[in-house]
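Structure file query-v6.csv (CSV, C-alpha atoms) follows.
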```
chain,number,residue,atom,x,y,z
Q,1,MET,CA,64.4,-62.4,-73.2
Q,2,CYS,CA,63.5,-59.7,-75.8
Q,3,ARG,CA,64.7,-61.9,-78.6
Q,4,ARG,CA,62.6,-64.8,-77.4
Q,5,LEU,CA,59.5,-62.6,-77.3
Q,6,VAL,CA,60.1,-61.3,-80.8
Q,7,LEU,CA,60.7,-64.9,-82.0
Q,8,VAL,CA,57.5,-66.1,-80.4
Q,9,CYS,CA,55.5,-63.2,-81.9
Q,10,PHE,CA,56.9,-63.9,-85.3
Q,11,MET,CA,56.0,-67.6,-85.1
Q,12,LEU,CA,52.5,-66.8,-84.0
Q,13,LEU,CA,52.0,-64.3,-86.8
Q,14,TRP,CA,53.5,-66.8,-89.3
Q,15,SER,CA,51.3,-69.6,-88.1
Q,16,ASN,CA,48.2,-67.5,-88.3
Q,17,ASN,CA,49.1,-66.4,-91.9
Q,18,ALA,CA,49.8,-70.0,-92.9
Q,19,LYS,CA,46.4,-71.1,-91.7
Q,20,ALA,CA,44.7,-68.2,-93.4
Q,21,SER,CA,46.4,-68.9,-96.7
Q,22,GLN,CA,45.0,-72.4,-96.8
Q,23,ASN,CA,41.4,-71.2,-97.1
Q,24,LEU,CA,41.3,-67.8,-98.7
Q,25,THR,CA,37.6,-67.4,-98.4
Q,26,ALA,CA,38.1,-66.9,-94.7
Q,27,LEU,CA,40.0,-63.7,-95.4
Q,28,ARG,CA,37.3,-62.2,-97.5
Q,29,GLY,CA,33.9,-60.8,-96.8
Q,30,ALA,CA,30.7,-62.4,-98.0
Q,31,ASP,CA,30.3,-59.6,-100.6
Q,32,TYR,CA,33.7,-60.3,-102.2
Q,33,PRO,CA,34.5,-59.8,-105.0
Q,34,PRO,CA,32.8,-56.4,-105.4
Q,35,MET,CA,30.5,-56.3,-108.4
Q,36,TYR,CA,32.4,-53.5,-110.0
Q,37,LEU,CA,35.5,-55.7,-110.3
Q,38,VAL,CA,33.4,-58.4,-112.0
Q,39,SER,CA,31.8,-56.0,-114.3
Q,40,LEU,CA,35.2,-54.7,-115.5
Q,41,VAL,CA,36.1,-58.0,-117.1
Q,42,LYS,CA,32.7,-59.8,-117.6
Q,43,ALA,CA,32.7,-59.8,-121.4
Q,44,ALA,CA,36.3,-61.1,-121.6
Q,45,LEU,CA,35.6,-63.8,-119.0
Q,46,ASP,CA,32.6,-65.0,-120.9
Q,47,LYS,CA,34.5,-65.1,-124.2
Q,48,CYS,CA,37.5,-66.8,-122.8
Q,49,HIS,CA,35.4,-69.3,-120.9
Q,50,GLU,CA,33.8,-70.3,-124.2
Q,51,GLN,CA,37.1,-70.5,-126.0
Q,52,ILE,CA,39.1,-72.4,-123.4
Q,53,HIS,CA,36.3,-74.6,-122.0
Q,54,ILE,CA,37.7,-74.5,-118.5
Q,55,ASP,CA,35.8,-76.2,-115.7
Q,56,ASP,CA,34.4,-73.6,-113.2
Q,57,ALA,CA,35.6,-75.8,-110.4
Q,58,VAL,CA,39.2,-75.2,-111.4
Q,59,ILE,CA,38.7,-71.5,-111.3
Q,60,GLN,CA,36.9,-71.7,-107.9
Q,61,GLN,CA,39.6,-73.9,-106.4
Q,62,PHE,CA,42.4,-71.6,-107.6
Q,63,ARG,CA,40.6,-68.5,-106.2
Q,64,ASP,CA,39.8,-70.0,-102.8
Q,65,ASP,CA,42.5,-72.6,-102.0
Q,66,GLY,CA,45.8,-70.9,-101.1
Q,67,ASP,CA,47.7,-74.1,-101.9
Q,68,PHE,CA,46.3,-74.9,-105.3
Q,69,GLU,CA,48.8,-73.9,-108.0
Q,70,GLY,CA,46.5,-74.0,-111.0
Q,71,THR,CA,46.7,-75.9,-114.3
Q,72,GLU,CA,48.0,-75.2,-117.8
Q,73,GLN,CA,44.4,-74.8,-119.0
Q,74,LEU,CA,43.8,-72.2,-116.3
Q,75,GLY,CA,46.9,-70.3,-117.4
Q,76,CYS,CA,45.6,-70.2,-121.0
Q,77,TYR,CA,42.2,-68.9,-119.7
Q,78,LEU,CA,43.9,-66.2,-117.8
Q,79,HIS,CA,46.1,-65.3,-120.8
Q,80,CYS,CA,43.0,-65.1,-122.9
Q,81,VAL,CA,41.4,-62.6,-120.4
Q,82,PHE,CA,44.6,-60.4,-120.4
Q,83,ARG,CA,44.6,-60.5,-124.2
Q,84,GLU,CA,40.9,-59.7,-124.6
Q,85,LYS,CA,41.2,-56.7,-122.2
Q,86,GLY,CA,44.3,-55.4,-123.9
Q,87,TYR,CA,46.4,-55.9,-120.8
Q,88,TRP,CA,49.0,-58.2,-122.5
Q,89,ILE,CA,52.1,-56.8,-124.2
Q,90,PRO,CA,52.9,-59.6,-126.8
Q,91,GLU,CA,56.5,-58.3,-127.6
Q,92,LYS,CA,57.4,-58.4,-123.9
Q,93,ARG,CA,55.3,-61.4,-123.0
Q,94,GLU,CA,54.0,-59.6,-119.9
Q,95,ILE,CA,51.1,-57.6,-118.6
Q,96,ASP,CA,50.8,-53.8,-118.9
Q,97,ILE,CA,50.5,-53.0,-115.2
Q,98,MET,CA,49.9,-49.3,-115.9
Q,99,LYS,CA,46.9,-50.1,-118.2
Q,100,ILE,CA,45.4,-52.3,-115.4
Q,101,LEU,CA,45.9,-49.6,-112.8
Q,102,ASP,CA,44.2,-47.1,-115.1
Q,103,ILE,CA,40.9,-48.9,-114.8
Q,104,VAL,CA,41.1,-50.0,-111.2
Q,105,PRO,CA,38.6,-48.1,-108.9
Q,106,LYS,CA,40.1,-45.8,-106.3
Q,107,ASP,CA,39.2,-48.0,-103.3
Q,108,PHE,CA,41.1,-50.9,-104.8
Q,109,GLU,CA,44.1,-48.9,-106.2
Q,110,GLN,CA,46.5,-49.4,-103.2
Q,111,ALA,CA,46.0,-53.1,-103.0
Q,112,ALA,CA,46.4,-53.5,-106.8
Q,113,LEU,CA,49.5,-51.4,-106.8
Q,114,LYS,CA,51.0,-53.4,-104.0
Q,115,MET,CA,50.2,-56.6,-105.8
Q,116,GLY,CA,51.6,-55.3,-109.1
Q,117,LEU,CA,54.9,-54.1,-107.6
Q,118,ARG,CA,55.6,-57.4,-105.8
Q,119,CYS,CA,55.1,-59.4,-109.0
Q,120,MET,CA,57.3,-57.7,-111.5
Q,121,LYS,CA,59.8,-60.5,-112.4
Q,122,VAL,CA,57.5,-62.7,-114.4
Q,123,LYS,CA,58.4,-66.4,-114.9
Q,124,GLY,CA,57.2,-69.0,-117.3
Q,125,ASP,CA,58.1,-70.6,-120.7
Q,126,ASP,CA,55.0,-69.5,-122.6
Q,127,ASP,CA,52.3,-66.9,-122.3
Q,128,CYS,CA,49.9,-69.3,-120.5
Q,129,ALA,CA,52.4,-70.1,-117.9
Q,130,ARG,CA,53.4,-66.5,-117.5
Q,131,SER,CA,49.7,-65.4,-117.1
Q,132,LEU,CA,49.2,-68.1,-114.4
Q,133,TRP,CA,52.4,-66.9,-112.7
Q,134,TYR,CA,51.1,-63.4,-112.4
Q,135,HIS,CA,47.9,-64.6,-110.7
Q,136,SER,CA,49.7,-67.0,-108.4
Q,137,CYS,CA,52.0,-64.2,-107.4
Q,138,TRP,CA,49.1,-61.8,-106.7
Q,139,LYS,CA,47.3,-64.4,-104.8
Q,140,LYS,CA,50.3,-65.2,-102.6
Q,141,ASN,CA,51.1,-61.5,-102.0
Q,142,ASP,CA,47.7,-60.3,-101.1
Q,143,PRO,CA,45.3,-63.2,-100.6
Q,144,ALA,CA,42.6,-61.0,-99.0
Q,145,HIS,CA,42.3,-58.8,-102.1
Q,146,TYR,CA,43.1,-61.3,-104.8
Q,147,TYR,CA,40.2,-62.1,-107.1
Q,148,LEU,CA,40.5,-64.6,-109.9
Q,149,ILE,CA,38.6,-63.1,-112.7
```
Give the structure from this file in structure tokens form.
Amino acid sequence: MCRRLVLVCFMLLWSNNAKASQNLTALRGADYPPMYLVSLVKAALDKCHEQIHIDDAVIQQFRDDGDFEGTEQLGCYLHCVFREKGYWIPEKREIDIMKILDIVPKDFEQAALKMGLRCMKVKGDDDCARSLWYHSCWKKNDPAHYYLI
């Protein structure tokens, strides 16, 4: 009886999480993302948007749709932002998680640390794919706090 109850509880939690991951905006408040997060990367976002010529709809879809995996162009945009902010370690072809954590405001620190620790084994053949992989991993591991910059 106890096993059945645990199984039913698990299935209910799983189905609720599955529904929530489909539409990530449902997990976030109306004031998300906080302006301080946007201001941290605004200059890099603008520069990379100009360089990559990415459609805003692709960025919006990736941020808000839990099932959308992104595009190669999105990966290159994200890589550009990492590079511009000095978060990319070219020799290792990965982000510098400690550098990112250094600038994260205190009230976002725990969520950022959790996301970073869960996404340590980067995958991808090139820097664009690897940058997209980081964001995909962060989005899957903490969709309520994930913000596509």
Rank nothing, just name the residue among Q:Glu109, Q:Asp142, Q:Asp65, Q:Glu84 nearest to Q:Leu45, using only C-alpha atoms.
->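 Between Q:Glu109, Q:Asp142, Q:Asp65, Q:Glu84, the residue approaching Q:Leu45 most closely is Q:Glu84.
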>> Using all atoms listed in the file, list the residues that have an atom at most 10 Å from (50.1, -55.9, -110.0), coordinates as in the file, as a PyMOL selection string.
In response: chain Q and resi 95-98+100-101+109+111-120+134-135+137-138+141
Quiz item: What is the distance between atom CA of Q:Asp67 and atom CA of Q:Trp133, in Å to one decimal?
Solution: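 Answer for the atom CA of Q:Asp67 to atom CA of Q:Trp133 separation: 13.8 Å.
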Atom pair atom CA of Q:Asp64 + atom CA of Q:Asp102, distance 26.4 Å
Could you tell me how far atom CA of Q:Asp46 lies from atom CA of Q:Arg93, in Å and to one decimal?
->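 One can read the atom CA of Q:Asp46 to atom CA of Q:Arg93 distance as 23.1 Å.
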Item to complete: Dig up all the protein and nucleic acid residues within 9 Å of (47.5, -72.5, -115.8) in the file frame, using all atoms listed in the file, and format them as a ChimeraX atom specification.
Response: /Q:69-79,128-133
| Of the candidates Q:Leu40, Q:Val104, Q:Val81, Q:Met35, which one gets nearest to Q:Ile52 if we count all atoms listed in the file? |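 Once distances to Q:Ile52 are computed over all atoms listed in the file, the minimum belongs to Q:Val81.
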